[in-house]
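So this one's model.csv, CSV, C-alpha atoms:
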```
chain,number,residue,atom,x,y,z
A,1,MET,CA,-3.7,-21.5,-19.6
A,2,THR,CA,-3.2,-24.9,-21.1
A,3,GLU,CA,-4.9,-27.1,-18.6
A,4,GLY,CA,-7.4,-26.9,-15.7
A,5,LYS,CA,-7.8,-28.7,-12.5
A,6,ILE,CA,-11.2,-30.1,-11.4
A,7,VAL,CA,-11.7,-28.6,-7.9
A,8,SER,CA,-15.2,-30.1,-7.2
A,9,TRP,CA,-18.2,-31.5,-8.9
A,10,VAL,CA,-21.3,-29.7,-7.8
A,11,ARG,CA,-23.6,-32.4,-9.1
A,12,SER,CA,-23.2,-36.2,-9.2
A,13,GLU,CA,-23.6,-38.9,-11.9
A,14,GLY,CA,-27.2,-39.6,-12.6
A,15,ASP,CA,-28.4,-36.1,-11.5
A,16,LYS,CA,-30.8,-34.3,-13.7
A,17,LEU,CA,-29.4,-31.0,-15.0
A,18,CYS,CA,-31.1,-27.9,-16.2
A,19,LYS,CA,-29.8,-25.4,-18.7
A,20,GLY,CA,-27.7,-22.7,-16.9
A,21,GLU,CA,-27.1,-24.8,-13.8
A,22,SER,CA,-23.6,-25.0,-12.3
A,23,VAL,CA,-22.1,-28.4,-12.7
A,24,VAL,CA,-18.4,-28.3,-11.8
A,25,VAL,CA,-15.8,-25.9,-10.4
A,26,VAL,CA,-12.6,-25.6,-12.4
A,27,GLU,CA,-9.3,-24.1,-11.1
A,28,SER,CA,-7.6,-21.9,-13.6
A,29,ASP,CA,-4.2,-20.3,-13.1
A,30,LYS,CA,-5.6,-17.6,-10.8
A,31,ALA,CA,-9.2,-18.4,-9.8
A,32,ASP,CA,-11.8,-21.1,-9.3
A,33,MET,CA,-14.6,-20.8,-12.0
A,34,ASP,CA,-18.1,-22.2,-12.0
A,35,VAL,CA,-18.9,-24.1,-15.2
A,36,GLU,CA,-22.5,-24.5,-16.2
A,37,THR,CA,-24.3,-26.4,-18.9
A,38,PHE,CA,-26.3,-24.9,-21.8
A,39,TYR,CA,-28.4,-28.1,-22.2
A,40,ASP,CA,-31.0,-30.0,-20.2
A,41,GLY,CA,-30.2,-33.6,-19.5
A,42,TYR,CA,-28.6,-36.1,-17.1
A,43,LEU,CA,-25.0,-36.2,-15.9
A,44,ALA,CA,-24.2,-39.6,-17.3
A,45,LYS,CA,-20.5,-39.9,-16.7
A,46,ILE,CA,-17.8,-37.9,-14.9
A,47,MET,CA,-14.7,-38.5,-16.9
A,48,VAL,CA,-12.2,-36.4,-14.8
A,49,ASP,CA,-12.6,-36.8,-11.0
A,50,GLU,CA,-12.0,-34.1,-8.4
A,51,GLY,CA,-8.4,-33.3,-8.2
A,52,GLY,CA,-7.8,-34.4,-11.7
A,53,VAL,CA,-6.2,-32.3,-14.5
A,54,ALA,CA,-7.5,-32.0,-18.0
A,55,SER,CA,-6.0,-30.1,-21.0
A,56,VAL,CA,-7.9,-27.2,-22.6
A,57,GLY,CA,-10.7,-28.5,-24.9
A,58,SER,CA,-10.8,-32.0,-23.6
A,59,ALA,CA,-14.1,-33.6,-22.3
A,60,ILE,CA,-14.5,-33.9,-18.6
A,61,ALA,CA,-18.1,-35.3,-18.5
A,62,LEU,CA,-20.9,-36.6,-20.6
A,63,LEU,CA,-24.5,-35.4,-20.7
A,64,ALA,CA,-27.3,-37.9,-21.7
A,65,GLU,CA,-30.4,-36.5,-23.2
A,66,SER,CA,-32.7,-38.9,-21.3
A,67,GLU,CA,-32.5,-41.1,-18.2
A,68,ASP,CA,-32.7,-44.2,-20.4
A,69,GLU,CA,-29.5,-43.3,-22.2
A,70,ILE,CA,-27.3,-43.0,-19.0
A,71,ALA,CA,-26.3,-46.6,-19.0
A,72,GLU,CA,-25.6,-46.6,-22.7
A,73,ALA,CA,-23.5,-43.5,-22.5
A,74,GLN,CA,-21.5,-44.9,-19.6
A,75,ALA,CA,-20.9,-48.1,-21.5
A,76,LYS,CA,-19.8,-46.4,-24.6
A,77,ALA,CA,-17.5,-44.0,-22.6
A,78,ALA,CA,-15.8,-47.0,-21.0
A,79,ALA,CA,-15.5,-48.8,-24.3
A,80,SER,CA,-13.9,-45.8,-26.0
A,81,GLY,CA,-10.8,-46.2,-23.7
A,82,SER,CA,-10.0,-42.5,-24.1
A,83,PRO,CA,-12.1,-40.3,-21.8
A,84,SER,CA,-10.7,-37.1,-23.1
A,85,SER,CA,-11.6,-37.9,-26.7
A,86,PRO,CA,-15.1,-39.6,-26.8
A,87,SER,CA,-15.9,-41.4,-30.0
A,88,SER,CA,-18.4,-40.1,-32.5
A,89,GLU,CA,-20.7,-43.0,-31.7
A,90,THR,CA,-20.8,-41.9,-28.1
A,91,SER,CA,-21.6,-38.4,-29.0
A,92,ASN,CA,-24.8,-39.5,-30.8
A,93,SER,CA,-26.5,-40.3,-27.5
A,94,ALA,CA,-24.5,-38.3,-25.0
A,95,ALA,CA,-23.2,-34.7,-25.3
A,96,VAL,CA,-20.1,-33.3,-23.7
A,97,VAL,CA,-21.4,-31.3,-20.8
A,98,ALA,CA,-18.2,-29.4,-19.9
A,99,ALA,CA,-14.7,-28.8,-21.1
A,100,VAL,CA,-11.7,-27.1,-19.6
A,101,PRO,CA,-12.0,-23.3,-20.2
A,102,HIS,CA,-10.1,-21.6,-23.0
A,103,PRO,CA,-7.5,-19.0,-22.0
A,104,GLN,CA,-9.5,-16.1,-23.4
A,105,PRO,CA,-11.1,-14.0,-20.5
A,106,GLU,CA,-14.6,-14.9,-19.6
A,107,LYS,CA,-14.9,-17.4,-22.4
A,108,VAL,CA,-14.4,-21.1,-22.7
A,109,LYS,CA,-13.5,-23.3,-25.6
A,110,LEU,CA,-15.9,-26.2,-25.9
A,111,ALA,CA,-15.7,-29.7,-27.2
A,112,GLU,CA,-18.6,-30.4,-29.6
A,113,PRO,CA,-21.5,-30.5,-29.6
A,114,ALA,CA,-22.4,-28.8,-26.3
A,115,ALA,CA,-21.3,-25.6,-24.7
A,116,VAL,CA,-20.5,-24.2,-21.2
A,117,THR,CA,-19.8,-20.8,-19.8
A,118,VAL,CA,-18.1,-19.4,-16.7
A,119,GLY,CA,-20.8,-18.4,-14.1
A,120,SER,CA,-20.4,-15.2,-12.2
A,121,ALA,CA,-19.7,-15.4,-8.5
A,122,VAL,CA,-22.8,-14.9,-6.4
A,123,HIS,CA,-21.5,-16.0,-3.0
A,124,PRO,CA,-19.5,-13.9,-0.6
A,125,ALA,CA,-15.7,-14.2,-1.0
A,126,SER,CA,-14.9,-14.4,2.7
A,127,GLU,CA,-16.4,-14.4,6.1
A,128,GLY,CA,-14.8,-11.8,8.4
A,129,GLY,CA,-11.8,-11.5,6.1
A,130,LYS,CA,-10.8,-15.2,6.6
A,131,ARG,CA,-10.5,-17.2,3.4
A,132,ILE,CA,-12.9,-20.1,3.2
A,133,VAL,CA,-12.6,-22.4,0.2
A,134,ALA,CA,-15.8,-24.1,-0.6
A,135,SER,CA,-17.8,-25.1,-3.7
A,136,PRO,CA,-20.7,-22.8,-4.7
A,137,TYR,CA,-23.2,-25.5,-3.9
A,138,ALA,CA,-21.6,-26.1,-0.5
A,139,LYS,CA,-21.9,-22.4,0.3
A,140,LYS,CA,-25.6,-22.4,-0.8
A,141,LEU,CA,-26.3,-25.5,1.3
A,142,ALA,CA,-24.5,-24.0,4.3
A,143,LYS,CA,-26.8,-21.0,4.2
A,144,GLU,CA,-29.9,-23.2,3.9
A,145,LEU,CA,-28.8,-25.5,6.8
A,146,LYS,CA,-27.4,-22.6,8.9
A,147,VAL,CA,-23.9,-24.2,9.0
A,148,GLU,CA,-20.9,-22.1,9.8
A,149,LEU,CA,-18.3,-22.9,7.1
A,150,ALA,CA,-15.4,-21.7,9.2
A,151,ARG,CA,-16.0,-24.7,11.5
A,152,VAL,CA,-16.3,-27.3,8.7
A,153,VAL,CA,-13.4,-29.6,7.7
A,154,GLY,CA,-13.3,-30.0,3.9
A,155,SER,CA,-12.7,-33.4,2.3
A,156,GLY,CA,-12.2,-32.1,-1.2
A,157,PRO,CA,-8.9,-31.4,-2.9
A,158,LYS,CA,-6.6,-29.4,-0.6
A,159,GLY,CA,-9.3,-29.2,2.1
A,160,ARG,CA,-12.0,-27.6,-0.1
A,161,ILE,CA,-15.4,-27.9,1.5
A,162,VAL,CA,-17.9,-29.8,-0.7
A,163,ALA,CA,-21.6,-30.4,-0.2
A,164,LYS,CA,-21.2,-33.7,1.8
A,165,ASP,CA,-19.0,-31.9,4.3
A,166,VAL,CA,-21.8,-29.3,5.0
A,167,GLU,CA,-24.4,-32.1,5.3
A,168,ALA,CA,-22.2,-34.0,7.8
A,169,ALA,CA,-21.7,-30.8,9.8
A,170,ALA,CA,-25.4,-30.2,9.9
A,171,ALA,CA,-26.0,-33.8,11.1
A,172,GLY,CA,-23.2,-33.8,13.7
A,173,PRO,CA,-21.3,-30.6,14.3
A,174,ALA,CA,-18.8,-32.1,16.6
A,175,ALA,CA,-17.5,-34.3,13.9
A,176,SER,CA,-16.7,-31.4,11.6
A,177,VAL,CA,-14.9,-29.0,13.9
A,178,ALA,CA,-11.6,-28.0,12.4
A,179,ALA,CA,-8.5,-28.9,14.3
A,180,ALA,CA,-6.8,-25.8,15.9
A,181,GLY,CA,-3.4,-24.8,14.7
A,182,PRO,CA,-1.7,-24.4,11.3
A,183,ALA,CA,-1.0,-27.4,9.2
A,184,GLY,CA,2.5,-28.9,9.7
A,185,ILE,CA,5.2,-28.6,7.1
A,186,GLU,CA,7.1,-31.8,6.4
A,187,LEU,CA,10.8,-30.8,6.0
A,188,ALA,CA,12.8,-32.3,3.2
A,189,SER,CA,9.7,-33.1,1.2
A,190,VAL,CA,9.2,-32.4,-2.5
A,191,VAL,CA,6.1,-30.2,-3.0
A,192,PRO,CA,4.8,-29.8,-6.6
A,193,PHE,CA,3.6,-26.4,-7.7
A,194,THR,CA,0.0,-25.5,-7.4
A,195,THR,CA,-1.8,-24.3,-10.5
A,196,MET,CA,-1.2,-20.7,-9.4
A,197,GLN,CA,2.4,-21.3,-8.5
A,198,GLY,CA,3.0,-22.8,-11.9
A,199,ALA,CA,1.4,-19.8,-13.6
A,200,VAL,CA,3.6,-17.4,-11.6
A,201,SER,CA,6.7,-19.5,-12.5
A,202,ARG,CA,6.0,-19.4,-16.2
A,203,ASN,CA,5.3,-15.6,-16.1
A,204,MET,CA,8.6,-14.9,-14.2
A,205,VAL,CA,10.6,-17.0,-16.7
A,206,GLU,CA,8.9,-15.2,-19.6
A,207,SER,CA,9.7,-11.8,-18.1
A,208,LEU,CA,13.4,-12.6,-18.4
A,209,ALA,CA,13.2,-12.2,-22.2
A,210,VAL,CA,12.3,-8.5,-21.8
A,211,PRO,CA,15.1,-5.9,-21.5
A,212,THR,CA,14.4,-3.9,-18.3
A,213,PHE,CA,16.0,-1.1,-16.4
A,214,ARG,CA,15.2,0.4,-13.0
A,215,VAL,CA,14.9,4.0,-11.7
A,216,GLY,CA,14.5,4.9,-8.0
A,217,TYR,CA,13.1,8.1,-6.4
A,218,THR,CA,12.6,9.5,-2.9
A,219,ILE,CA,9.2,11.0,-2.2
A,220,THR,CA,8.2,13.0,0.9
A,221,THR,CA,4.9,11.7,2.3
A,222,ASP,CA,4.0,14.1,5.2
A,223,ALA,CA,1.1,15.6,3.3
A,224,LEU,CA,-0.1,12.2,2.1
A,225,ASP,CA,0.1,10.7,5.6
A,226,ALA,CA,-1.9,13.6,7.0
A,227,LEU,CA,-4.6,13.2,4.3
A,228,TYR,CA,-4.7,9.4,5.0
A,229,LYS,CA,-5.2,10.0,8.7
A,230,LYS,CA,-8.0,12.5,8.0
A,231,ILE,CA,-10.0,10.2,5.7
A,232,LYS,CA,-9.1,6.7,6.9
A,233,SER,CA,-12.2,6.6,9.0
A,234,LYS,CA,-14.3,6.9,5.8
A,235,GLY,CA,-12.9,3.6,4.5
A,236,VAL,CA,-10.1,5.0,2.4
A,237,THR,CA,-7.0,2.7,2.1
A,238,MET,CA,-3.4,3.7,1.5
A,239,THR,CA,-3.4,1.3,-1.4
A,240,ALA,CA,-6.2,3.3,-3.1
A,241,LEU,CA,-4.4,6.6,-2.5
A,242,LEU,CA,-1.2,5.3,-4.1
A,243,ALA,CA,-3.1,3.8,-7.0
A,244,LYS,CA,-5.0,7.1,-7.5
A,245,ALA,CA,-1.8,9.1,-7.4
A,246,THR,CA,-0.1,6.8,-9.8
A,247,ALA,CA,-3.0,6.9,-12.2
A,248,LEU,CA,-3.1,10.7,-12.2
A,249,ALA,CA,0.6,10.8,-13.0
A,250,LEU,CA,0.2,8.2,-15.8
A,251,VAL,CA,-2.4,10.5,-17.4
A,252,GLN,CA,0.4,13.0,-18.0
A,253,HIS,CA,2.9,10.3,-19.1
A,254,PRO,CA,1.0,7.8,-21.4
A,255,VAL,CA,4.2,6.1,-22.6
A,256,VAL,CA,4.7,4.7,-19.1
A,257,ASN,CA,1.2,3.2,-19.3
A,258,SER,CA,2.0,1.6,-22.7
A,259,SER,CA,2.9,-2.0,-23.5
A,260,CYS,CA,4.9,-4.0,-26.0
A,261,ARG,CA,3.7,-7.5,-26.8
A,262,ASP,CA,5.2,-8.5,-30.2
A,263,GLY,CA,8.6,-6.9,-30.1
A,264,ASN,CA,7.8,-4.8,-33.2
A,265,SER,CA,5.3,-2.3,-31.9
A,266,PHE,CA,3.7,-0.9,-28.8
A,267,ILE,CA,0.3,0.2,-27.7
A,268,TYR,CA,-0.7,3.4,-25.9
A,269,ASN,CA,-3.4,1.8,-23.7
A,270,SER,CA,-6.7,3.7,-23.7
A,271,SER,CA,-7.4,2.9,-20.1
A,272,ILE,CA,-5.3,3.3,-16.9
A,273,ASN,CA,-5.8,0.1,-15.0
A,274,ILE,CA,-3.7,-0.2,-11.9
A,275,ALA,CA,-2.9,-3.8,-10.9
A,276,VAL,CA,-1.8,-4.3,-7.3
A,277,ALA,CA,0.2,-7.4,-6.2
A,278,VAL,CA,-1.6,-9.3,-3.4
A,279,ALA,CA,-0.1,-12.3,-1.6
A,280,VAL,CA,-2.7,-15.2,-1.4
A,281,ASP,CA,-2.5,-18.7,-0.1
A,282,GLY,CA,-0.2,-20.6,-2.5
A,283,GLY,CA,0.8,-17.8,-4.8
A,284,LEU,CA,0.5,-14.2,-5.9
A,285,ILE,CA,-2.3,-12.4,-7.9
A,286,THR,CA,-2.7,-8.8,-9.1
A,287,PRO,CA,-6.3,-7.5,-8.8
A,288,VAL,CA,-7.0,-4.6,-11.1
A,289,LEU,CA,-8.5,-1.2,-10.3
A,290,GLN,CA,-9.9,-0.3,-13.7
A,291,ASP,CA,-10.0,3.3,-14.8
A,292,ALA,CA,-8.3,4.4,-11.6
A,293,ASP,CA,-7.8,7.9,-12.9
A,294,LYS,CA,-11.5,8.4,-13.2
A,295,ALA,CA,-12.9,6.9,-10.0
A,296,ASP,CA,-13.1,8.9,-6.8
A,297,ILE,CA,-11.0,7.8,-3.9
A,298,TYR,CA,-13.9,6.4,-1.9
A,299,THR,CA,-15.2,4.3,-4.8
A,300,LEU,CA,-11.7,3.1,-5.4
A,301,SER,CA,-11.2,2.1,-1.8
A,302,ARG,CA,-14.5,0.1,-1.7
A,303,LYS,CA,-13.6,-1.6,-5.0
A,304,TRP,CA,-10.2,-2.5,-3.7
A,305,LYS,CA,-11.6,-4.2,-0.6
A,306,GLU,CA,-14.0,-6.1,-2.7
A,307,LEU,CA,-11.2,-7.3,-5.0
A,308,VAL,CA,-9.0,-8.4,-2.1
A,309,ASP,CA,-11.8,-10.4,-0.6
A,310,LYS,CA,-12.5,-12.1,-3.9
A,311,ALA,CA,-8.8,-12.7,-4.6
A,312,ARG,CA,-8.3,-14.5,-1.3
A,313,ALA,CA,-11.3,-16.7,-1.9
A,314,LYS,CA,-10.2,-17.4,-5.5
A,315,LEU,CA,-13.3,-15.8,-6.9
A,316,LEU,CA,-11.8,-13.2,-9.2
A,317,GLN,CA,-13.1,-13.2,-12.8
A,318,PRO,CA,-10.4,-13.0,-15.5
A,319,HIS,CA,-11.0,-9.4,-16.3
A,320,GLU,CA,-10.4,-8.5,-12.7
A,321,TYR,CA,-6.8,-9.7,-12.7
A,322,ASN,CA,-5.5,-9.8,-16.3
A,323,THR,CA,-6.3,-6.3,-17.6
A,324,GLY,CA,-3.7,-4.2,-15.7
A,325,THR,CA,-1.7,-1.7,-17.7
A,326,PHE,CA,0.6,-0.6,-14.8
A,327,THR,CA,1.5,-2.6,-11.6
A,328,LEU,CA,2.1,-1.6,-8.0
A,329,SER,CA,3.9,-3.8,-5.5
A,330,ASN,CA,3.9,-2.5,-1.9
A,331,LEU,CA,5.9,-4.1,0.8
A,332,GLY,CA,6.0,-0.9,3.0
A,333,MET,CA,3.5,-2.4,5.5
A,334,PHE,CA,6.2,-5.0,6.3
A,335,GLY,CA,8.8,-2.3,7.1
A,336,VAL,CA,10.7,-2.9,3.8
A,337,ASP,CA,12.4,0.3,2.8
A,338,ARG,CA,13.3,-0.5,-0.8
A,339,PHE,CA,13.2,-3.4,-3.2
A,340,ASP,CA,13.0,-4.2,-7.0
A,341,ALA,CA,10.0,-5.8,-8.6
A,342,ILE,CA,9.9,-8.1,-11.7
A,343,LEU,CA,8.1,-6.7,-14.7
A,344,PRO,CA,4.9,-8.7,-15.4
A,345,PRO,CA,4.7,-9.9,-19.0
A,346,GLY,CA,2.6,-7.8,-21.3
A,347,THR,CA,3.0,-4.5,-19.3
A,348,GLY,CA,5.4,-1.6,-19.6
A,349,ALA,CA,6.3,-0.9,-16.0
A,350,ILE,CA,5.9,-1.9,-12.4
A,351,MET,CA,6.6,0.2,-9.3
A,352,ALA,CA,7.9,-1.2,-6.0
A,353,VAL,CA,6.8,0.9,-3.0
A,354,GLY,CA,8.8,0.9,0.3
A,355,ALA,CA,7.8,2.0,3.7
A,356,SER,CA,7.4,5.7,4.7
A,357,GLU,CA,9.9,6.4,7.4
A,358,PRO,CA,11.1,9.5,9.4
A,359,THR,CA,14.2,10.7,7.7
A,360,VAL,CA,16.7,13.5,8.7
A,361,VAL,CA,16.9,15.9,5.8
A,362,ALA,CA,18.5,19.3,5.0
A,363,THR,CA,16.0,22.1,4.7
A,364,LYS,CA,16.2,24.9,2.0
A,365,ASP,CA,17.6,27.3,4.5
A,366,GLY,CA,20.4,25.0,5.3
A,367,ARG,CA,19.1,23.6,8.6
A,368,ILE,CA,18.4,20.0,9.6
A,369,GLY,CA,14.8,18.8,9.7
A,370,MET,CA,12.7,15.7,9.9
A,371,LYS,CA,10.4,14.4,7.1
A,372,ASN,CA,8.6,11.2,6.3
A,373,GLN,CA,10.0,9.8,3.1
A,374,MET,CA,9.5,6.6,1.0
A,375,GLN,CA,11.5,5.0,-1.7
A,376,VAL,CA,9.9,3.9,-4.9
A,377,ASN,CA,11.7,1.9,-7.7
A,378,VAL,CA,10.2,1.5,-11.1
A,379,THR,CA,11.2,-1.5,-13.4
A,380,ALA,CA,10.3,-0.7,-17.0
A,381,ASP,CA,10.5,-2.3,-20.5
A,382,HIS,CA,13.4,-0.5,-22.2
A,383,ARG,CA,12.1,-1.3,-25.6
A,384,VAL,CA,9.4,1.3,-25.1
A,385,ILE,CA,10.2,3.4,-22.0
A,386,TYR,CA,13.5,5.3,-21.5
A,387,GLY,CA,15.2,6.8,-18.5
A,388,ALA,CA,14.0,10.3,-19.2
A,389,ASP,CA,10.4,9.0,-19.4
A,390,LEU,CA,10.6,7.4,-16.0
A,391,ALA,CA,12.4,10.4,-14.4
A,392,SER,CA,9.6,12.7,-15.7
A,393,PHE,CA,6.9,10.4,-14.5
A,394,LEU,CA,8.4,10.1,-11.0
A,395,GLN,CA,8.7,13.8,-10.7
A,396,THR,CA,5.0,14.2,-11.5
A,397,LEU,CA,4.1,11.4,-9.1
A,398,ALA,CA,6.2,13.1,-6.3
A,399,LYS,CA,4.4,16.4,-6.9
A,400,ILE,CA,1.0,14.7,-6.6
A,401,ILE,CA,1.9,12.8,-3.4
A,402,GLU,CA,3.6,15.8,-1.8
A,403,ASP,CA,0.5,18.0,-2.6
A,404,PRO,CA,-2.3,15.4,-2.6
A,405,ARG,CA,-5.3,17.8,-2.9
A,406,ASP,CA,-6.3,16.3,-6.3
A,407,LEU,CA,-6.6,12.8,-4.8
A,408,THR,CA,-9.9,13.6,-3.1
A,409,PHE,CA,-11.6,15.1,-6.2
```
Can you turn what I pasted into structure tokens?
Amino acid sequence: MTEGKIVSWVRSEGDKLCKGESVVVVESDKADMDVETFYDGYLAKIMVDEGGVASVGSAIALLAESEDEIAEAQAKAAASGSPSSPSSETSNSAAVVAAVPHPQPEKVKLAEPAAVTVGSAVHPASEGGKRIVASPYAKKLAKELKVELARVVGSGPKGRIVAKDVEAAAAGPAASVAAAGPAGIELASVVPFTTMQGAVSRNMVESLAVPTFRVGYTITTDALDALYKKIKSKGVTMTALLAKATALALVQHPVVNSSCRDGNSFIYNSSINIAVAVAVDGGLITPVLQDADKADIYTLSRKWKELVDKARAKLLQPHEYNTGTFTLSNLGMFGVDRFDAILPPGTGAIMAVGASEPTVVATKDGRIGMKNQMQVNVTADHRVIYGADLASFLQTLAKIIEDPRDLTF
């Protein structure tokens, strides 16, 4: 991350702020993050408006120590002529209240002399599975005023719902009913990348520098399908079953769970964290099931549902999407029988999973039979992982899926 986009200001200029209070929502490559202040004071000047972009470490607002200093801070900020680099004279009476977060997970780099931190998400990620993009304060206000966010038209960047939209809906609901039907697409128009699309683009280009190879394998899924049918009613998902099976196979083949970052050495990762590709509005993200080999299938399924809801609402925290050691990409639910996946930077392998389909096969006694089979294709970093490594891993994975008793323990 080299820059961040201001999604919405939770507070307005002149507002009194208390230490720990959320002030602004910043869009990073993969998620919207609450930014809060570590100081009491007054929001004297917003230097980057909603929808604006600021580089990492640059000032986006000024915090005055007292109400009397608001005007002075605003005047000095205007006189400096460079909002992203306030003068030392300005900083004597006004502190930088927030800066664009630093790339390190769950930390932010701050402009002196103040500090900010990423707040944890406390609001539900979705309502009924439908993505609703709203500022944290707007969600809180909607609960207090009993306003249904799904029926509110947002006036913020890209339709984001902000506090004034909720207030307007509470005052006159008819004015805020969302128009039915999907948004139209203007053909022949040039559409700039969103922050997430830009991040995906950079990662895909970076992955081209890694020498990769691919190995495919056919796995019979009759036993797995029967197990899924038996425990589906308990909230178990097929994604969780595949993640669990993959994790158990990786326990026996740690080199496939390794990663090479500097081109001179590689790491045997101590944890097996399965990242799973999820399509979201405007891009792609890979929520991570951490320690998937150790969690039971029911806990894993509940965690996966939670991660998907948060991903679609852009509420994932960095450690929930950037700590994967092995990636799964499943297009089987769309009827795709086979495909290849691009290796994410910083990981050793990614497995593309196709649909399980009835297939005519020859039985051991020479007869013709019918079995459900799926195709999996693994793309791996050839600097670390070799063909024999993947072949052995896929044989183990096939044994686990074809006799899935261990998946429920």
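The coordinates place atom CA of A:Trp9 at 25.0 Å from atom CA of A:Val191.
Nearest to A:Thr220 of all the residues A:Val26, A:Ala341, A:Val53, A:Val376 is A:Val376, based on all atoms listed in the file.
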>> Under the rule that only C-alpha atoms are counted, which of A:Asp381, A:Asp406, A:Glu27, A:Glu21 is the nearest residue to A:Arg214?
In response: A:Asp381
> Near A:Ser66, counting all atoms listed in the file, which residues have an atom at most 12 Å away, once you skip same-chain residues fewer than 2 positions from it, shown as a list in words?
Replying inline: Gly14, Asp15, Lys16, Leu17, Tyr39, Asp40, Gly41, Tyr42, Leu43, Ala44, Leu63, Ala64, Asp68, Glu69, Ile70, Ala71, Glu72, Ala73, Ser93, Ala94 and Ala95 of chain A
Any chance you could export the current selection's C-alpha atoms as a PDB file, keeping the file's coordinate frame?
```
ATOM      1  CA  GLY A  14     -27.200 -39.600 -12.600  1.00  0.00           C
ATOM      2  CA  ASP A  15     -28.400 -36.100 -11.500  1.00  0.00           C
ATOM      3  CA  LYS A  16     -30.800 -34.300 -13.700  1.00  0.00           C
ATOM      4  CA  LEU A  17     -29.400 -31.000 -15.000  1.00  0.00           C
ATOM      5  CA  TYR A  39     -28.400 -28.100 -22.200  1.00  0.00           C
ATOM      6  CA  ASP A  40     -31.000 -30.000 -20.200  1.00  0.00           C
ATOM      7  CA  GLY A  41     -30.200 -33.600 -19.500  1.00  0.00           C
ATOM      8  CA  TYR A  42     -28.600 -36.100 -17.100  1.00  0.00           C
ATOM      9  CA  LEU A  43     -25.000 -36.200 -15.900  1.00  0.00           C
ATOM     10  CA  ALA A  44     -24.200 -39.600 -17.300  1.00  0.00           C
ATOM     11  CA  LEU A  63     -24.500 -35.400 -20.700  1.00  0.00           C
ATOM     12  CA  ALA A  64     -27.300 -37.900 -21.700  1.00  0.00           C
ATOM     13  CA  ASP A  68     -32.700 -44.200 -20.400  1.00  0.00           C
ATOM     14  CA  GLU A  69     -29.500 -43.300 -22.200  1.00  0.00           C
ATOM     15  CA  ILE A  70     -27.300 -43.000 -19.000  1.00  0.00           C
ATOM     16  CA  ALA A  71     -26.300 -46.600 -19.000  1.00  0.00           C
ATOM     17  CA  GLU A  72     -25.600 -46.600 -22.700  1.00  0.00           C
ATOM     18  CA  ALA A  73     -23.500 -43.500 -22.500  1.00  0.00           C
ATOM     19  CA  SER A  93     -26.500 -40.300 -27.500  1.00  0.00           C
ATOM     20  CA  ALA A  94     -24.500 -38.300 -25.000  1.00  0.00           C
ATOM     21  CA  ALA A  95     -23.200 -34.700 -25.300  1.00  0.00           C
TER      22      ALA A  95
END
```
>> Given the point (14.3, 7.7, -6.6) in the coordinates of this file, which residues lie within 12 Å, counting all atoms listed in the file, and how would they look as a PyMOL selection string?
In response: chain A and resi 214-220+338-340+351-354+373-379+387+390-395+397-398
> Can you list, as a PyMOL selection string, every protein, DNA or RNA residue that comes within 9 Å of stretch 193-206 of chain A when you count only C-alpha atoms, leaving out same-chain residues fewer than 4 positions away?
Replying inline: chain A and resi 1+4-5+27-31+210+282-285+342-345
Expected file: the selected residues, C-alpha atoms, as a CSV table (one decimal), in the frame of the given file:
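Output file part.csv follows:
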```csv
chain,number,residue,atom,x,y,z
A,1,MET,CA,-3.7,-21.5,-19.6
A,4,GLY,CA,-7.4,-26.9,-15.7
A,5,LYS,CA,-7.8,-28.7,-12.5
A,27,GLU,CA,-9.3,-24.1,-11.1
A,28,SER,CA,-7.6,-21.9,-13.6
A,29,ASP,CA,-4.2,-20.3,-13.1
A,30,LYS,CA,-5.6,-17.6,-10.8
A,31,ALA,CA,-9.2,-18.4,-9.8
A,210,VAL,CA,12.3,-8.5,-21.8
A,282,GLY,CA,-0.2,-20.6,-2.5
A,283,GLY,CA,0.8,-17.8,-4.8
A,284,LEU,CA,0.5,-14.2,-5.9
A,285,ILE,CA,-2.3,-12.4,-7.9
A,342,ILE,CA,9.9,-8.1,-11.7
A,343,LEU,CA,8.1,-6.7,-14.7
A,344,PRO,CA,4.9,-8.7,-15.4
A,345,PRO,CA,4.7,-9.9,-19.0
```
> If you count only C-alpha atoms, which residues fall within 6 Å of stretch 356-361 of chain A, apart from same-chain ones fewer than 5 positions away, as number ranges by chain?
Replying inline: A: 368-374
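The nearest approach to A:Ala388 among the residues A:Arg312, A:Lys229, A:His253, A:Lys364, with only C-alpha atoms taken into account, belongs to A:His253.
One finds atom CA of A:Val255 at 6.6 Å from atom CA of A:Ile385.
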